[in-house]
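Undergrad: Pasting in a structure now, in structure tokens, and then I'll have a few things to ask.
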Amino acid sequence: MQGSTLEARVTFAVERLLSDSAEVRHAVVRDMARAWPDAPALALVLALTDAAARIESVFRQVQNGEIGAQLGYRHAALVACDVLVLQCNGPGTVLAKDLLVHWHAHDDFFLR
């Protein structure tokens with residue numbers, strides 16, 4: 001994975017996870033999947049986990065810092081579970097756009 005792409009995804013996640021808006025924080029995974037539909041889905045997990053770790057180490061004292069870190073880790077875990085479900089249904093790399101299809105068909109948590 002190209003470093004600049006990972007950094008862009010991490011920055012995207014950090015900005016949204018630190019938002020004052022609960023809606024923006026909740027929508028981070030959906031927005032990432034839409035922004036990078038051809039990315040391996042686990043690349044989103046990596047970016048969310050990295051973002052949460054950065055928030056935890058740097059922004060913990062900032063308003064929404066602890067919330068953002070916890071939500072980042074939670075979202076990363078939930079996306080990883082969705083990836084595992086999709087991998088059990090067929091071979092190949094699960095892409096972000098596959099998550100969007102899965103969520104539309106089976107679980108709209110990230111689409112709300």
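Each chain in the structure tokens gets a letter, A, B and so on, in the order shown; residues start at 1 in every chain, and ligands are counted from 1 in the order they appear.
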Considering only alpha helix (DSSP H) as DSSP defines it on the backbone, what residues of chain A qualify? List them as an mmCIF file with C-alpha atoms, in the first residue's frame.
TA:
```cif
data_model
loop_
_atom_site.group_PDB
_atom_site.id
_atom_site.type_symbol
_atom_site.label_atom_id
_atom_site.label_comp_id
_atom_site.auth_asym_id
_atom_site.auth_seq_id
_atom_site.Cartn_x
_atom_site.Cartn_y
_atom_site.Cartn_z
ATOM 1 C CA GLY A 3 2.310 5.483 2.061
ATOM 2 C CA SER A 4 0.630 8.651 0.807
ATOM 3 C CA THR A 5 -2.653 6.787 0.304
ATOM 4 C CA LEU A 6 -2.505 5.351 3.815
ATOM 5 C CA GLU A 7 -1.702 8.778 5.212
ATOM 6 C CA ALA A 8 -4.649 10.286 3.317
ATOM 7 C CA ARG A 9 -7.003 7.649 4.743
ATOM 8 C CA VAL A 10 -5.649 8.119 8.270
ATOM 9 C CA THR A 11 -5.997 11.900 8.031
ATOM 10 C CA PHE A 12 -9.532 11.489 6.678
ATOM 11 C CA ALA A 13 -10.419 9.229 9.624
ATOM 12 C CA VAL A 14 -8.763 11.441 12.273
ATOM 13 C CA GLU A 15 -10.598 14.536 11.047
ATOM 14 C CA ARG A 16 -13.956 12.799 11.156
ATOM 15 C CA LEU A 17 -13.406 10.926 14.421
ATOM 16 C CA ALA A 22 -21.858 12.517 16.165
ATOM 17 C CA GLU A 23 -23.272 11.972 12.674
ATOM 18 C CA VAL A 24 -19.922 12.762 11.049
ATOM 19 C CA ARG A 25 -18.086 10.464 13.498
ATOM 20 C CA HIS A 26 -20.530 7.615 12.840
ATOM 21 C CA VAL A 28 -16.564 7.778 8.832
ATOM 22 C CA VAL A 29 -16.536 4.138 7.671
ATOM 23 C CA ARG A 30 -19.252 4.641 5.075
ATOM 24 C CA ASP A 31 -17.512 7.764 3.797
ATOM 25 C CA MET A 32 -14.160 5.971 3.590
ATOM 26 C CA ALA A 33 -15.705 3.067 1.662
ATOM 27 C CA ARG A 34 -17.249 5.533 -0.770
ATOM 28 C CA ALA A 35 -14.045 7.558 -1.111
ATOM 29 C CA ALA A 41 -11.403 -3.450 2.935
ATOM 30 C CA LEU A 42 -8.699 -4.250 5.455
ATOM 31 C CA ALA A 43 -6.912 -1.059 4.342
ATOM 32 C CA LEU A 44 -9.814 0.795 5.944
ATOM 33 C CA VAL A 45 -9.309 -1.235 9.133
ATOM 34 C CA LEU A 46 -5.619 -0.285 9.130
ATOM 35 C CA ALA A 47 -6.404 3.405 8.609
ATOM 36 C CA LEU A 48 -9.068 3.433 11.340
ATOM 37 C CA THR A 49 -6.774 1.667 13.790
ATOM 38 C CA ASP A 50 -3.881 4.023 12.999
ATOM 39 C CA ALA A 51 -6.200 7.035 13.327
ATOM 40 C CA ALA A 52 -7.496 5.811 16.687
ATOM 41 C CA ALA A 53 -3.948 5.251 17.958
ATOM 42 C CA ARG A 54 -2.901 8.738 16.869
ATOM 43 C CA ILE A 55 -5.949 10.288 18.506
ATOM 44 C CA GLU A 56 -5.285 8.309 21.652
ATOM 45 C CA SER A 57 -1.662 9.422 21.880
ATOM 46 C CA VAL A 58 -1.982 13.038 20.727
ATOM 47 C CA GLY A 65 -10.368 12.826 21.604
ATOM 48 C CA GLU A 66 -11.238 9.886 23.827
ATOM 49 C CA ILE A 67 -14.566 9.403 22.040
ATOM 50 C CA GLY A 68 -12.806 9.500 18.674
ATOM 51 C CA ALA A 69 -10.191 6.933 19.691
ATOM 52 C CA GLN A 70 -12.762 4.526 21.126
ATOM 53 C CA LEU A 71 -15.005 4.882 18.094
ATOM 54 C CA GLY A 72 -12.075 4.370 15.717
ATOM 55 C CA TYR A 73 -11.110 1.100 17.393
ATOM 56 C CA ARG A 74 -14.755 -0.017 17.532
ATOM 57 C CA HIS A 75 -15.357 0.745 13.865
ATOM 58 C CA ALA A 76 -12.123 -1.028 12.880
ATOM 59 C CA ALA A 77 -13.203 -4.155 14.764
ATOM 60 C CA LEU A 78 -16.680 -4.130 13.222
ATOM 61 C CA VAL A 79 -15.319 -3.685 9.696
ATOM 62 C CA ALA A 80 -12.849 -6.530 10.279
ATOM 63 C CA CYS A 81 -15.783 -8.757 11.270
ATOM 64 C CA ASP A 82 -17.651 -7.799 8.089
ATOM 65 C CA VAL A 83 -14.536 -8.607 6.044
ATOM 66 C CA LEU A 84 -14.328 -12.037 7.663
ATOM 67 C CA VAL A 85 -17.989 -12.730 6.845
ATOM 68 C CA LEU A 86 -17.420 -11.751 3.222
ATOM 69 C CA GLN A 87 -14.231 -13.824 2.986
ATOM 70 C CA CYS A 88 -16.145 -16.873 4.229
ATOM 71 C CA ASN A 89 -18.606 -16.400 1.367
ATOM 72 C CA ALA A 96 -14.434 -1.399 0.203
ATOM 73 C CA LYS A 97 -17.163 -1.435 -2.448
ATOM 74 C CA ASP A 98 -17.962 -5.032 -1.399
ATOM 75 C CA LEU A 99 -18.596 -3.719 2.113
ATOM 76 C CA LEU A 100 -21.055 -1.166 0.738
ATOM 77 C CA VAL A 101 -22.969 -3.927 -1.072
ATOM 78 C CA HIS A 102 -22.931 -6.110 2.041
ATOM 79 C CA TRP A 103 -24.179 -3.277 4.228
ATOM 80 C CA HIS A 104 -26.998 -2.441 1.826
ATOM 81 C CA ALA A 105 -28.100 -6.082 1.761
ATOM 82 C CA HIS A 106 -27.525 -7.251 5.334
#
```
Undergrad: Could you jot down the atom CA of A:Asp108 to atom CA of A:Trp36 separation for me, Å, one decimal place?
TA: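 Interatomic distance, atom CA of A:Asp108 to atom CA of A:Trp36: 18.7 Å.
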Undergrad: Using atom CA of A:Val94 and atom CA of A:Leu111 as the two end points, give the distance in Å to one decimal.
TA: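 Atom CA of A:Leu111 lies at a distance of 18.0 Å from atom CA of A:Val94.
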